Each structure stands twice: as C-alpha cells, then as structure tokens.
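> Pasting query_8.cif here (mmCIF, C-alpha atoms):
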data_structure
#
loop_
_atom_site.group_PDB
_atom_site.id
_atom_site.type_symbol
_atom_site.label_atom_id
_atom_site.label_comp_id
_atom_site.auth_asym_id
_atom_site.auth_seq_id
_atom_site.Cartn_x
_atom_site.Cartn_y
_atom_site.Cartn_z
ATOM 1 C CA MET A 23 -1.036 -24.294 15.762
ATOM 2 C CA SER A 24 -1.638 -24.971 19.444
ATOM 3 C CA ALA A 25 -0.643 -22.306 21.963
ATOM 4 C CA ALA A 26 -2.392 -23.444 25.126
ATOM 5 C CA ASN A 27 0.763 -23.580 27.269
ATOM 6 C CA LEU A 28 2.744 -20.548 26.136
ATOM 7 C CA ASN A 29 4.654 -18.410 28.590
ATOM 8 C CA ILE A 30 4.357 -14.868 27.276
ATOM 9 C CA ASN A 31 6.833 -12.341 28.649
ATOM 10 C CA SER A 32 5.983 -9.385 26.441
ATOM 11 C CA SER A 33 3.737 -6.713 27.968
ATOM 12 C CA SER A 34 2.064 -6.039 24.621
ATOM 13 C CA THR A 35 -1.426 -7.453 24.110
ATOM 14 C CA TRP A 36 -0.716 -7.856 20.378
ATOM 15 C CA ILE A 37 1.313 -10.653 18.797
ATOM 16 C CA ILE A 38 3.247 -8.478 16.324
ATOM 17 C CA GLY A 39 1.735 -5.049 16.813
ATOM 18 C CA ARG A 40 -1.631 -3.339 16.779
ATOM 19 C CA ARG A 41 -1.633 -2.490 13.057
ATOM 20 C CA ASP A 42 -0.299 -5.825 11.825
ATOM 21 C CA ASP A 43 -2.571 -7.849 14.080
ATOM 22 C CA LEU A 44 -5.663 -5.888 13.082
ATOM 23 C CA ILE A 45 -4.876 -6.276 9.387
ATOM 24 C CA PHE A 46 -3.618 -9.854 9.188
ATOM 25 C CA PHE A 47 -4.841 -11.760 12.252
ATOM 26 C CA VAL A 48 -8.112 -10.068 13.214
ATOM 27 C CA GLY A 49 -9.193 -8.140 10.132
ATOM 28 C CA SER A 50 -8.313 -10.800 7.568
ATOM 29 C CA ALA A 51 -11.809 -12.264 8.001
ATOM 30 C CA SER A 52 -13.145 -9.219 6.111
ATOM 31 C CA PHE A 53 -11.834 -10.736 2.870
ATOM 32 C CA GLY A 54 -13.900 -13.812 3.594
ATOM 33 C CA TYR A 55 -17.029 -11.688 4.028
ATOM 34 C CA LEU A 56 -16.426 -10.068 0.639
ATOM 35 C CA LEU A 57 -16.016 -13.455 -1.007
ATOM 36 C CA ILE A 58 -19.091 -15.034 0.564
ATOM 37 C CA ALA A 59 -21.161 -11.960 -0.340
ATOM 38 C CA LEU A 60 -20.019 -12.407 -3.936
ATOM 39 C CA ALA A 61 -20.879 -16.095 -3.736
ATOM 40 C CA PHE A 62 -24.404 -15.355 -2.492
ATOM 41 C CA ALA A 63 -24.869 -12.830 -5.292
ATOM 42 C CA GLN A 64 -23.655 -15.145 -8.077
ATOM 43 C CA GLY A 65 -24.386 -18.618 -6.715
ATOM 44 C CA GLY A 66 -20.674 -19.315 -6.343
ATOM 45 C CA LEU A 67 -17.240 -17.823 -6.927
ATOM 46 C CA PRO A 68 -15.706 -17.314 -10.388
ATOM 47 C CA GLY A 69 -13.243 -20.070 -11.209
ATOM 48 C CA LYS A 70 -10.549 -17.612 -12.269
ATOM 49 C CA LEU A 71 -10.846 -15.769 -8.945
ATOM 50 C CA CYS A 72 -10.469 -19.026 -6.982
ATOM 51 C CA ALA A 73 -7.444 -19.942 -9.106
ATOM 52 C CA ALA A 74 -5.873 -16.530 -8.521
ATOM 53 C CA LEU A 75 -6.391 -16.755 -4.758
ATOM 54 C CA ALA A 76 -4.965 -20.271 -4.711
ATOM 55 C CA PHE A 77 -1.900 -19.080 -6.626
ATOM 56 C CA ALA A 78 -1.286 -15.948 -4.546
ATOM 57 C CA LEU A 79 -2.365 -17.022 -1.047
ATOM 58 C CA ASP A 80 -3.627 -20.523 -0.334
ATOM 59 C CA GLY A 81 -0.881 -22.465 -2.115
ATOM 60 C CA PRO A 82 1.925 -20.271 -0.720
ATOM 61 C CA HIS A 83 0.477 -20.556 2.802
ATOM 62 C CA VAL A 84 0.615 -24.367 2.597
ATOM 63 C CA TYR A 85 4.049 -24.614 1.028
ATOM 64 C CA SER A 86 5.598 -21.855 3.139
ATOM 65 C CA THR A 87 5.803 -24.527 5.837
ATOM 66 C CA ALA A 88 8.684 -25.976 3.818
ATOM 67 C CA THR A 89 10.787 -22.899 4.592
ATOM 68 C CA ARG A 90 11.090 -24.325 8.087
ATOM 69 C CA ALA A 91 10.503 -28.050 7.694
ATOM 70 C CA VAL A 92 12.821 -28.509 4.686
ATOM 71 C CA PHE A 93 15.343 -25.660 4.542
ATOM 72 C CA ASP A 94 16.016 -25.443 8.289
ATOM 73 C CA SER A 95 18.334 -28.410 8.819
ATOM 74 C CA ALA A 96 17.603 -28.601 12.549
ATOM 75 C CA GLU A 97 13.843 -28.678 11.941
ATOM 76 C CA ARG A 98 14.271 -31.195 9.136
ATOM 77 C CA LYS A 99 16.186 -33.477 11.460
ATOM 78 C CA ARG A 100 13.628 -33.034 14.229
ATOM 79 C CA GLN A 101 10.770 -34.087 11.942
ATOM 80 C CA ARG A 102 12.677 -36.729 9.955
ATOM 81 C CA LEU A 103 10.387 -39.645 10.864
ATOM 82 C CA LEU A 104 7.288 -37.637 10.008
ATOM 83 C CA TRP A 105 8.389 -37.402 6.379
ATOM 84 C CA LEU A 106 7.713 -41.123 6.046
ATOM 85 C CA ALA A 107 3.994 -40.286 6.203
ATOM 86 C CA LEU A 108 4.050 -38.006 3.139
ATOM 87 C CA PHE A 109 3.702 -40.612 0.379
ATOM 88 C CA PRO A 110 0.993 -42.649 2.180
ATOM 89 C CA LEU A 111 -0.997 -39.442 2.714
ATOM 90 C CA CYS A 112 -0.694 -38.662 -0.993
ATOM 91 C CA LEU A 113 -2.138 -42.083 -1.828
ATOM 92 C CA ILE A 114 -5.283 -41.569 0.265
ATOM 93 C CA GLY A 115 -6.772 -39.134 -2.245
ATOM 94 C CA PRO A 116 -6.517 -41.316 -5.368
ATOM 95 C CA VAL A 117 -7.894 -44.315 -3.463
ATOM 96 C CA LEU A 118 -10.919 -42.401 -2.143
ATOM 97 C CA THR A 119 -11.432 -40.795 -5.534
ATOM 98 C CA TYR A 120 -11.454 -44.215 -7.205
ATOM 99 C CA LYS A 121 -13.899 -45.630 -4.641
ATOM 100 C CA PHE A 122 -16.257 -42.691 -4.105
ATOM 101 C CA GLY A 123 -15.402 -39.925 -6.573
ATOM 102 C CA PHE A 124 -13.384 -36.732 -6.272
ATOM 103 C CA THR A 125 -16.263 -34.696 -4.809
ATOM 104 C CA VAL A 126 -16.476 -37.040 -1.808
ATOM 105 C CA PHE A 127 -12.734 -36.835 -1.269
ATOM 106 C CA PHE A 128 -12.801 -33.038 -1.573
ATOM 107 C CA THR A 129 -15.584 -32.947 1.038
ATOM 108 C CA VAL A 130 -13.330 -34.930 3.386
ATOM 109 C CA ILE A 131 -10.519 -32.462 2.691
ATOM 110 C CA ALA A 132 -12.885 -29.562 3.455
ATOM 111 C CA ALA A 133 -13.798 -31.133 6.807
ATOM 112 C CA LEU A 134 -10.149 -31.662 7.781
ATOM 113 C CA SER A 135 -9.262 -28.183 6.577
ATOM 114 C CA HIS A 136 -12.015 -26.695 8.700
ATOM 115 C CA TYR A 137 -10.734 -28.543 11.759
ATOM 116 C CA HIS A 138 -7.211 -27.306 11.022
ATOM 117 C CA LEU A 139 -8.524 -23.748 10.668
ATOM 118 C CA ALA A 140 -10.477 -23.968 13.947
ATOM 119 C CA LYS A 141 -7.353 -25.138 15.761
ATOM 120 C CA GLN A 142 -5.399 -22.164 14.403
ATOM 121 C CA HIS A 143 -8.057 -19.723 15.560
ATOM 122 C CA MET A 144 -7.990 -21.384 18.963
ATOM 123 C CA GLY A 145 -4.213 -20.990 19.010
ATOM 124 C CA PHE A 146 -4.511 -17.248 18.388
ATOM 125 C CA VAL A 147 -7.149 -16.981 21.123
ATOM 126 C CA MET A 148 -4.804 -18.683 23.588
ATOM 127 C CA ILE A 149 -1.910 -16.401 22.642
ATOM 128 C CA TYR A 150 -4.069 -13.301 23.065
ATOM 129 C CA LYS A 151 -5.154 -14.563 26.482
ATOM 130 C CA ARG A 152 -1.559 -14.969 27.588
ATOM 131 C CA LYS A 153 -0.567 -11.642 26.080
ATOM 132 C CA ALA A 154 -3.333 -9.903 28.031
ATOM 133 C CA GLY A 155 -2.431 -11.689 31.244
ATOM 134 C CA GLU A 156 -5.694 -13.629 31.422
ATOM 135 C CA ARG A 157 -5.009 -16.526 33.774
ATOM 136 C CA ASP A 158 -8.539 -17.895 33.951
ATOM 137 C CA ASP A 159 -11.136 -19.489 31.677
ATOM 138 C CA PHE A 160 -8.649 -21.359 29.488
ATOM 139 C CA LYS A 161 -11.049 -24.265 28.985
ATOM 140 C CA THR A 162 -13.929 -21.855 28.445
ATOM 141 C CA ASP A 163 -12.118 -19.993 25.675
ATOM 142 C CA ARG A 164 -10.748 -23.151 24.109
ATOM 143 C CA TYR A 165 -14.009 -25.048 23.923
ATOM 144 C CA PHE A 166 -16.116 -22.013 23.078
ATOM 145 C CA THR A 167 -13.896 -21.349 20.063
ATOM 146 C CA LEU A 168 -13.921 -24.943 18.877
ATOM 147 C CA ALA A 169 -17.648 -25.443 19.468
ATOM 148 C CA SER A 170 -18.634 -22.159 17.833
ATOM 149 C CA LEU A 171 -16.654 -23.058 14.711
ATOM 150 C CA ALA A 172 -17.780 -26.698 14.700
ATOM 151 C CA LEU A 173 -21.534 -26.022 14.872
ATOM 152 C CA PRO A 174 -21.864 -24.358 11.426
ATOM 153 C CA PHE A 175 -19.894 -27.156 9.794
ATOM 154 C CA MET A 176 -22.027 -29.729 11.618
ATOM 155 C CA PHE A 177 -25.071 -27.992 10.150
ATOM 156 C CA TYR A 178 -23.550 -28.368 6.688
ATOM 157 C CA ALA A 179 -22.832 -32.041 7.419
ATOM 158 C CA SER A 180 -26.467 -32.546 8.433
ATOM 159 C CA ALA A 181 -27.529 -31.101 5.085
ATOM 160 C CA LEU A 182 -25.243 -33.585 3.339
ATOM 161 C CA VAL A 183 -27.033 -36.440 5.092
ATOM 162 C CA THR A 184 -30.634 -35.180 4.924
ATOM 163 C CA GLY A 185 -30.505 -33.156 1.720
ATOM 164 C CA THR A 186 -32.316 -30.247 3.411
ATOM 165 C CA VAL A 187 -31.542 -27.307 5.704
ATOM 166 C CA SER A 188 -34.407 -28.200 8.052
ATOM 167 C CA LEU A 189 -32.045 -28.957 10.940
ATOM 168 C CA LEU A 190 -30.658 -25.414 11.053
ATOM 169 C CA PRO A 191 -32.354 -24.541 14.401
ATOM 170 C CA VAL A 192 -30.773 -27.614 16.011
ATOM 171 C CA PHE A 193 -27.348 -26.065 15.497
ATOM 172 C CA LEU A 194 -28.064 -22.324 15.341
ATOM 173 C CA VAL A 195 -30.038 -22.016 18.600
ATOM 174 C CA PRO A 196 -27.261 -23.559 20.767
ATOM 175 C CA ALA A 197 -24.713 -21.394 18.926
ATOM 176 C CA VAL A 198 -26.649 -18.191 19.702
ATOM 177 C CA LEU A 199 -27.165 -19.172 23.336
ATOM 178 C CA LEU A 200 -23.502 -20.091 23.690
ATOM 179 C CA ALA A 201 -22.403 -16.799 22.141
ATOM 180 C CA GLY A 202 -24.707 -14.828 24.449
ATOM 181 C CA TRP A 203 -23.398 -16.630 27.511
ATOM 182 C CA TYR A 204 -19.796 -16.115 26.413
ATOM 183 C CA ALA A 205 -20.320 -12.409 25.667
ATOM 184 C CA HIS A 206 -21.880 -11.928 29.105
ATOM 185 C CA ARG A 207 -18.919 -13.693 30.719
ATOM 186 C CA GLN A 208 -16.418 -11.494 28.869
ATOM 187 C CA ALA A 209 -18.288 -8.311 29.776
ATOM 188 C CA ARG A 210 -18.015 -9.194 33.470
ATOM 189 C CA LYS A 211 -14.230 -9.355 33.364
ATOM 190 C CA PRO A 212 -12.289 -6.409 34.854
ATOM 191 C CA GLN A 213 -10.870 -5.644 31.405
ATOM 192 C CA VAL A 214 -12.093 -6.858 28.035
ATOM 193 C CA ASN A 215 -9.469 -8.620 25.937
ATOM 194 C CA PHE A 216 -10.267 -6.800 22.698
ATOM 195 C CA PRO A 217 -7.882 -8.670 20.327
ATOM 196 C CA LYS A 218 -9.359 -11.998 21.412
ATOM 197 C CA VAL A 219 -12.969 -10.827 21.245
ATOM 198 C CA LEU A 220 -12.495 -9.095 17.883
ATOM 199 C CA LEU A 221 -10.932 -12.225 16.408
ATOM 200 C CA LEU A 222 -13.868 -14.398 17.496
ATOM 201 C CA ALA A 223 -16.446 -11.791 16.462
ATOM 202 C CA GLY A 224 -14.968 -11.833 12.976
ATOM 203 C CA VAL A 225 -14.521 -15.528 12.260
ATOM 204 C CA ILE A 226 -17.612 -17.092 13.874
ATOM 205 C CA PRO A 227 -20.339 -15.263 11.862
ATOM 206 C CA LEU A 228 -18.257 -15.719 8.693
ATOM 207 C CA THR A 229 -18.157 -19.468 9.300
ATOM 208 C CA TRP A 230 -21.942 -19.566 9.657
ATOM 209 C CA LEU A 231 -22.474 -17.601 6.451
ATOM 210 C CA ALA A 232 -20.057 -19.747 4.461
ATOM 211 C CA TRP A 233 -21.342 -23.169 5.500
ATOM 212 C CA SER A 234 -24.962 -22.048 5.326
ATOM 213 C CA PHE A 235 -24.299 -21.060 1.722
ATOM 214 C CA ALA A 236 -22.858 -24.519 1.045
ATOM 215 C CA ALA A 237 -25.712 -26.283 2.861
ATOM 216 C CA VAL A 238 -28.328 -24.989 0.406
ATOM 217 C CA GLU A 239 -26.939 -27.440 -2.180
ATOM 218 C CA PRO A 240 -24.651 -29.584 -0.024
ATOM 219 C CA TRP A 241 -23.267 -31.790 -2.818
ATOM 220 C CA SER A 242 -22.535 -28.874 -5.128
ATOM 221 C CA PRO A 243 -18.757 -28.620 -5.703
ATOM 222 C CA VAL A 244 -19.214 -24.945 -6.614
ATOM 223 C CA ARG A 245 -20.850 -24.089 -3.275
ATOM 224 C CA LEU A 246 -18.433 -26.255 -1.317
ATOM 225 C CA LEU A 247 -15.468 -24.545 -2.963
ATOM 226 C CA ALA A 248 -16.922 -21.090 -2.247
ATOM 227 C CA ALA A 249 -17.386 -21.922 1.448
ATOM 228 C CA ALA A 250 -13.890 -23.363 1.722
ATOM 229 C CA VAL A 251 -12.266 -20.385 -0.016
ATOM 230 C CA ALA A 252 -14.216 -17.801 2.015
ATOM 231 C CA THR A 253 -13.286 -19.360 5.357
ATOM 232 C CA ASN A 254 -9.672 -20.107 4.441
ATOM 233 C CA ILE A 255 -8.699 -16.783 2.878
ATOM 234 C CA GLY A 256 -8.245 -15.158 6.281
ATOM 235 C CA HIS A 257 -6.436 -18.236 7.545
ATOM 236 C CA SER A 258 -3.941 -17.903 4.682
ATOM 237 C CA PHE A 259 -3.292 -14.244 5.532
ATOM 238 C CA GLN A 260 -2.803 -15.150 9.191
ATOM 239 C CA TYR A 261 -0.444 -17.998 8.457
ATOM 240 C CA LEU A 262 1.724 -16.189 5.928
ATOM 241 C CA ARG A 263 2.108 -13.171 8.213
ATOM 242 C CA LEU A 264 3.006 -15.320 11.207
ATOM 243 C CA MET A 265 5.456 -17.427 9.204
ATOM 244 C CA TRP A 266 7.125 -14.329 7.768
ATOM 245 C CA PHE A 267 7.345 -12.787 11.253
ATOM 246 C CA HIS A 268 8.954 -15.966 12.553
ATOM 247 C CA ASN A 269 11.322 -16.504 9.623
ATOM 248 C CA HIS A 270 12.530 -12.919 9.500
ATOM 249 C CA ASN A 271 13.315 -12.954 13.223
ATOM 250 C CA ARG A 272 14.929 -16.381 13.145
ATOM 251 C CA TYR A 273 16.697 -16.785 9.801
ATOM 252 C CA SER A 274 17.369 -13.365 8.247
ATOM 253 C CA GLU A 275 20.976 -13.301 9.476
ATOM 254 C CA ARG A 276 21.761 -16.711 8.039
ATOM 255 C CA THR A 277 23.505 -17.398 4.755
ATOM 256 C CA GLY A 278 22.073 -19.541 2.002
ATOM 257 C CA ILE A 279 18.637 -19.687 0.427
ATOM 258 C CA LEU A 280 16.713 -19.659 3.720
ATOM 259 C CA GLY A 281 18.520 -16.541 4.898
ATOM 260 C CA PHE A 282 17.913 -14.834 1.555
ATOM 261 C CA ALA A 283 14.195 -15.700 1.573
ATOM 262 C CA SER A 284 13.838 -14.388 5.130
ATOM 263 C CA ARG A 285 15.345 -10.923 4.652
ATOM 264 C CA LYS A 286 12.466 -9.236 2.824
ATOM 265 C CA TRP A 287 8.794 -10.134 2.711
ATOM 266 C CA VAL A 288 8.729 -10.009 -1.086
ATOM 267 C CA TYR A 289 11.467 -12.670 -1.207
ATOM 268 C CA PHE A 290 9.549 -14.816 1.268
ATOM 269 C CA ILE A 291 6.284 -14.606 -0.688
ATOM 270 C CA GLY A 292 8.057 -15.246 -3.983
ATOM 271 C CA PHE A 293 9.786 -18.277 -2.497
ATOM 272 C CA ALA A 294 6.482 -19.667 -1.195
ATOM 273 C CA VAL A 295 4.813 -19.119 -4.579
ATOM 274 C CA ILE A 296 7.608 -20.995 -6.356
ATOM 275 C CA LEU A 297 7.334 -23.912 -3.919
ATOM 276 C CA SER A 298 3.589 -24.162 -4.581
ATOM 277 C CA LEU A 299 3.852 -24.229 -8.404
ATOM 278 C CA PRO A 300 3.651 -28.050 -8.782
ATOM 279 C CA ASN A 301 0.326 -28.002 -6.966
ATOM 280 C CA HIS A 302 -1.098 -25.458 -9.433
ATOM 281 C CA PHE A 303 0.181 -27.501 -12.343
ATOM 282 C CA ALA A 304 -1.906 -30.439 -11.123
ATOM 283 C CA GLY A 305 -4.988 -28.244 -11.107
ATOM 284 C CA TYR A 306 -4.171 -26.922 -14.562
ATOM 285 C CA VAL A 307 -3.952 -30.439 -15.996
ATOM 286 C CA GLY A 308 -7.439 -31.093 -14.630
ATOM 287 C CA ASP A 309 -6.956 -34.767 -13.761
ATOM 288 C CA ASP A 310 -8.895 -35.759 -10.638
ATOM 289 C CA TYR A 311 -6.414 -38.442 -9.598
ATOM 290 C CA LEU A 312 -3.416 -36.137 -9.940
ATOM 291 C CA SER A 313 -5.254 -33.404 -8.025
ATOM 292 C CA ALA A 314 -6.192 -35.914 -5.318
ATOM 293 C CA PHE A 315 -2.559 -37.039 -5.079
ATOM 294 C CA MET A 316 -1.308 -33.461 -4.714
ATOM 295 C CA LEU A 317 -3.868 -32.780 -1.978
ATOM 296 C CA GLY A 318 -1.866 -35.251 0.060
ATOM 297 C CA PHE A 319 0.639 -32.421 0.550
ATOM 298 C CA LEU A 320 -2.176 -30.453 2.185
ATOM 299 C CA LEU A 321 -2.886 -33.389 4.507
ATOM 300 C CA PHE A 322 0.805 -33.508 5.355
ATOM 301 C CA HIS A 323 0.709 -29.770 6.036
ATOM 302 C CA PHE A 324 -2.047 -30.357 8.601
ATOM 303 C CA VAL A 325 0.067 -32.937 10.420
ATOM 304 C CA LEU A 326 3.350 -31.051 10.155
ATOM 305 C CA ASP A 327 1.810 -27.755 11.224
ATOM 306 C CA SER A 328 0.519 -29.332 14.435
ATOM 307 C CA ARG A 329 4.124 -30.089 15.405
ATOM 308 C CA ILE A 330 6.337 -27.200 14.321
ATOM 309 C CA TRP A 331 4.572 -24.491 16.352
ATOM 310 C CA ARG A 332 5.035 -26.129 19.743
ATOM 311 C CA VAL A 333 6.802 -23.493 21.792
ATOM 312 C CA ARG A 334 7.390 -25.607 24.881
ATOM 313 C CA GLY A 335 10.975 -26.854 24.811
ATOM 314 C CA ASP A 336 11.854 -24.842 21.675
ATOM 315 C CA HIS A 337 13.469 -21.678 22.990
ATOM 316 C CA GLU A 338 14.603 -20.568 19.547
ATOM 317 C CA LEU A 339 11.002 -20.679 18.301
ATOM 318 C CA ALA A 340 9.840 -18.745 21.356
ATOM 319 C CA ARG A 341 12.424 -16.020 20.732
ATOM 320 C CA ALA A 342 11.492 -15.805 17.054
ATOM 321 C CA LEU A 343 7.856 -15.187 18.015
ATOM 322 C CA ASN A 344 8.819 -12.700 20.765
ATOM 323 C CA LEU A 345 7.350 -14.976 23.408
#
Go ahead and render the structure in this file as structure tokens.

Amino acid sequence: MSAANLNINSSSTWIIGRRDDLIFFVGSASFGYLLIALAFAQGGLPGKLCAALAFALDGPHVYSTATRAVFDSAERKRQRLLWLALFPLCLIGPVLTYKFGFTVFFTVIAALSHYHLAKQHMGFVMIYKRKAGERDDFKTDRYFTLASLALPFMFYASALVTGTVSLLPVFLVPAVLLAGWYAHRQARKPQVNFPKVLLLAGVIPLTWLAWSFAAVEPWSPVRLLAAAVATNIGHSFQYLRLMWFHNHNRYSERTGILGFASRKWVYFIGFAVILSLPNHFAGYVGDDYLSAFMLGFLLFHFVLDSRIWRVRGDHELARALNL
C-alpha cells in the first residue's frame, strides 16, 4: 500500500481513531514480540499455533483482498487485465520447487513478503505524516523506513550465503547509526509525530529480533517460519482492520453479498476466513507442489495490493478511508 501522494483533509492525526490505531496499526507489533520470544525460548513456534494463526489471521488477510477485487464489480473491471497474471504466478512455485526444493521457494516467498510488509509500513508512515501536517522530509521518512526494515533481512540473507552470523556488525552498526540520526532529526521538529514514531519504534526492533533468530540456522524451515510469522502477524492485524474500515464505509449500504459482509466486522472476518479455506486445505494435504501452487495466490496478492490502494484519481476510495 503506497500513500506517498495522499491529500489528507481530516484534522485528526490518527487514521481511524486513537484507540483503534494504537491497537491495530501501532500496537499490533506486540503480538510479534510475544511470538518471537516464544520462538527463542523453544527454538521455533509450535506447528499448531502457526496453523491457527494462518487460519484466523494470515489467510483471511490475504483473501480479504477479494472482497474488493472480486465482489466489487467496478474494481473487478478496473483490474481485469491483471487477473491474467494469476495462473502464471501460481506456476512459479511448482517450477522452483521442482528445480530447487520447496525450502528455497519458501525463502523467496519470505523475501517478497518482507518487501511487501515494508512497503505497507512505509504507507502508514506516509499517511501519518500527512495526517499530522508534516510537509517536509518525505524522502527521509520513506527511505529510513525501507532501509531500517531491509537491513535485518539483508543480515539474514548474508547468513544464508556464508552460513554464519559473523557479518552482523556490517548491518547492525549502520542501522543503529541511522536510527540515532533519525531520532535526533525527529526530536528537533516543532512537534513530534507520535503515531509515526511509535509505529517505527515497534516494527524495526521486532524485525531485527525475528531475522536474527532465523539467521542462527538460516536454512532451517522452522526458524524461517517463526521469523515470517512473527513479522507478519502485526501486518495481518493492520491489513484486516484497514480493509474492514474501508469496506464498512464504502459497501455497507449496498445489497448483495458484499453489502452483507461489510455491515458487521464478524461477517467480514467470517467471509475472509471462508475465502481462505482452499489455501488451508493445501497445507492440510501436505503436498509441496500443491502448497507451492497455492502460494501463487499470495504472490498475486502482493501485485494486486500495490494497485487497489492508490488514492490518487479514486475519489470513492479516498472517501471510504476518510481522506
């Protein structure tokens, strides 16, 4: 979700409201800290816990995109050519799995997922800047966010190549210096943008903890899964809350299944869970090629999500987000 060029008219510094933002957008990282602490204590996350989180949060967050892209006829028409990419994206996984193994393909998915997550955090940072009336340092905030979230994953990637964590200072020292410089710059502003700063203060250390945990045994699927789950749990909370906020404002007065699913949050979540069921079935079967094929829907989500949140030129979307 990119929000670099939003025109925010609301005087509030929060996207939805103080309580909702602190719980779902800013404070959702706390769930990631709990998970990575559990992973450090046990050497990984219990499989049943990961499955439960995938069923209740991660799967619904991915497939909730369909509430707009499929069931909104105007959005479906707008993205009609993009749907041609779905089947080819689903074929990438089985091909890579056949050539290199499922673990290699899942590592590629983790890298793309991390990039997708970093872009969403950057989008929230940009919205909070506009909400607070900050008209300066757009490049500073954008590239600080992306760099600070990229460095821990780059450290993990270096461990994949070298098999050791010896290169940690190469990535950690610049990250600490960058964070110190950024904190000093924020402190010098006439007014601190607390939602923005709190968001970054929550997700950046979590990202370091998660990918440092994975780097200890970089080719361990258990550690890789724990890092991915810990960093994405907050992202899922953020996305589901934002999508529900948007859908309720935009579709709740409509008739049909989309209107019904947008009237109450429990209907929306239930609808998203139902849409994600085929993905969980693939995991239940336990076939690597079927799982790799279904992960193509996640790749499609990455592409689709980069398009449907563009506020410029979409006045109905802007109104739904109170922008």
> How many Å separate atom CA of A:Val48 from atom CA of A:Pro217?
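Straight-line distance from atom CA of A:Val48 to atom CA of A:Pro217 works out to 7.3 Å.
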> Please write the residues picked by the PyMOL selection byres ((chain A and resi 247) around 12) on this file as number ranges by chain.
A: 57-58, 61, 65-69, 71-73, 76, 125, 128-129, 131-133, 135, 232-233, 235-237, 239-246, 248-255
> Within 9 Å of stretch 269-276 of chain A, counting all atoms listed in the file, which residues show up once you throw out same-chain ones fewer than 4 positions away? Write them as an MDAnalysis selection string, please.
chainID A and resid 89:90 94 264:265 280:287 290 338:339 341:344
> If you measure from atom CA of A:Ser258 to atom CA of A:Lys141, what distance in Å do you get, rounded to one decimal?
13.7 Å
> Within 12 Å of stretch 91-93 of chain A, counting all atoms listed in the file, which residues show up once you throw out same-chain ones fewer than 6 positions away? Write them as a ChimeraX atom specification, please.
/A:84-85,99-102,104-105,265,269,273,276-284,293,297,322-323,325-327,329-331
> Check which residues satisfy the PyMOL selection byres ((chain A and resi 137) around 12) in the file shown, then give them as a PyMOL selection string.
chain A and resi 23+130-136+138-144+167-176+229+250+253-254+257+321+324-325+328
